[in-house]
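**Student:** Could you have a look at this structure, given as structure tokens, before my questions?
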Amino acid sequence: QLQLVESGGGLVQPGGSLRLSCAHSGFTLDYYLIGWFRQAPGKEREGVSCISTSDGSTYYRDSVKGRFTISRDNAKNTVYLQMTSLKPEDTAVYYCAVASINPDRPITSWWTYIYDWWGQGTQVTVSS
């Protein structure tokens with residue numbers, strides 16, 4: 001059974017750091033994107049970052065470039081989102097999700113892919 005479990009959220013002051021983890025298991029897909037999304041109260045869900053298992057390429061939304069880093073530990077079947085210089089506007093529930101891909105096609109607009117599997121989410125609150 002395919003499963004995604006996020007952890008690592010919490011309360012942090014502006015300028016602080018957090019590392020989110022997404023442990024995944026039960027995958028039978030050969031190639032896929034593992035993405036991080038977030039949803040703040042009253043706002044639409046938005047893509048934050050993703051990593052491709054095809055070639056390890058990483059992608060970020062503009063507002064987090066230079067502050068967030070996505071990485072993957074294949075031995076632990078875990079994807080991380082290291083978040084630094086956090087801002088109040090980063091406050092949201094963060095979800096990891098998986099979308100299957102065709103490795104022969106370039107990744108474009110990664111946040112629009114069909115993510116069929118989702119974790120339960122972890123709350124990140126940036127406040128003084």
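How things are named: the first chain in the structure tokens is A, the next is B, and so on; residues count from 1 in each chain; ligands count from 1 in the order shown.
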Step one, run DSSP on the backbone; step two, keep only residues of region 10-71 of chain A assigned to strand (DSSP E); then write them as number ranges by chain.
**Tutor:** A: 10-12, 18-25, 32-39, 46-52, 58-60, 68-71
**Student:** Skip region 72-74 of chain A itself and residues of its chain fewer than 3 positions away, then list as a PyMOL selection string all residues within 10 Å of it, counting only C-alpha atoms.
**Tutor:** chain A and resi 21-23+34+51-53+56+77-81
**Student:** Write out as a PyMOL selection string which residues come within 7 Å of Leu11 (chain A) when counting only C-alpha atoms, dropping same-chain ones fewer than 6 positions away.
**Tutor:** chain A and resi 124-126
**Student:** Give me a file of those residues, with N, CA, C and O atoms, as a PDB file, in the first residue's frame.
**Tutor:**
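Generated output (again.pdb):
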```pdb
ATOM      1  N   VAL A 124       3.123  24.163   9.661  1.00  0.00           N
ATOM      2  CA  VAL A 124       4.265  25.050   9.864  1.00  0.00           C
ATOM      3  C   VAL A 124       3.706  26.434  10.196  1.00  0.00           C
ATOM      4  O   VAL A 124       2.914  26.994   9.435  1.00  0.00           O
ATOM      5  N   THR A 125       4.122  26.951  11.339  1.00  0.00           N
ATOM      6  CA  THR A 125       3.684  28.273  11.773  1.00  0.00           C
ATOM      7  C   THR A 125       4.909  29.135  12.025  1.00  0.00           C
ATOM      8  O   THR A 125       5.775  28.767  12.816  1.00  0.00           O
ATOM      9  N   VAL A 126       4.964  30.262  11.320  1.00  0.00           N
ATOM     10  CA  VAL A 126       6.081  31.195  11.478  1.00  0.00           C
ATOM     11  C   VAL A 126       5.530  32.455  12.143  1.00  0.00           C
ATOM     12  O   VAL A 126       4.769  33.215  11.553  1.00  0.00           O
TER      13      VAL A 126
END
```
**Student:** Separation of CA of Arg38 (chain A) and CA of Val93 (chain A), in Å?
**Tutor:**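 These two atoms are separated by 5.4 Å.
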**Student:** Would you list the contacts of Lys65 (chain A) as a list in words, taking every protein, DNA or RNA residue within 12 Å and counting only C-alpha atoms, but skipping same-chain residues closer than 2 positions in sequence?
**Tutor:**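 So the residues in contact are Val48, Ser49, Thr58, Tyr59, Tyr60, Arg61, Asp62, Ser63, Arg67, Phe68, Thr69, Ile70, Gln82, Met83, Thr84, Ser85 and Leu86 of chain A.
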**Student:** Neighbours of Phe37 (chain A) within 6 Å (only C-alpha atoms; same-chain residues fewer than 3 positions away dropped), as a count of residues only?
**Tutor:** 5
**Student:** Would you list the contacts of Gly26 (chain A) as a ChimeraX atom specification, taking every protein, DNA or RNA residue within 10 Å and counting only C-alpha atoms, but skipping same-chain residues closer than 3 positions in sequence?
**Tutor:** /A:1-4,29
**Student:** So which residues of chain A fall under helix (DSSP H, G or I) by DSSP, listed as a PyMOL selection string?
**Tutor:** chain A and resi 62-64+74-76+88-90+110-112
**Student:** Identify which of the residues A:Thr108, A:Thr28, A:Ser54, A:Gln39 lies closest to Gly121 (chain A), counting only C-alpha atoms when measuring atom-to-atom distances.
**Tutor:**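 Counting only C-alpha atoms, the residue closest to Gly121 (chain A) is A:Gln39.
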**Student:** Measuring atom to atom with only C-alpha atoms, identify which of A:Glu6, A:Asp90, A:Asp104, A:Glu44 is nearest to Tyr31 (chain A).
**Tutor:**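 Closest candidate: A:Asp104.
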**Student:** With only C-alpha atoms as the atoms that count, which of A:Val5, A:Cys50, A:Val12, A:Ala92 lies nearest to Trp117 (chain A)?
**Tutor:**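 The closest residue to Trp117 (chain A) is A:Val5.
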**Student:** Which is closest to Pro103 (chain A) among A:Ser57, A:Thr122, A:Ser25, A:Ser7, if we use only C-alpha atoms?
**Tutor:**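 Closest residue, counting only C-alpha atoms: A:Ser57.
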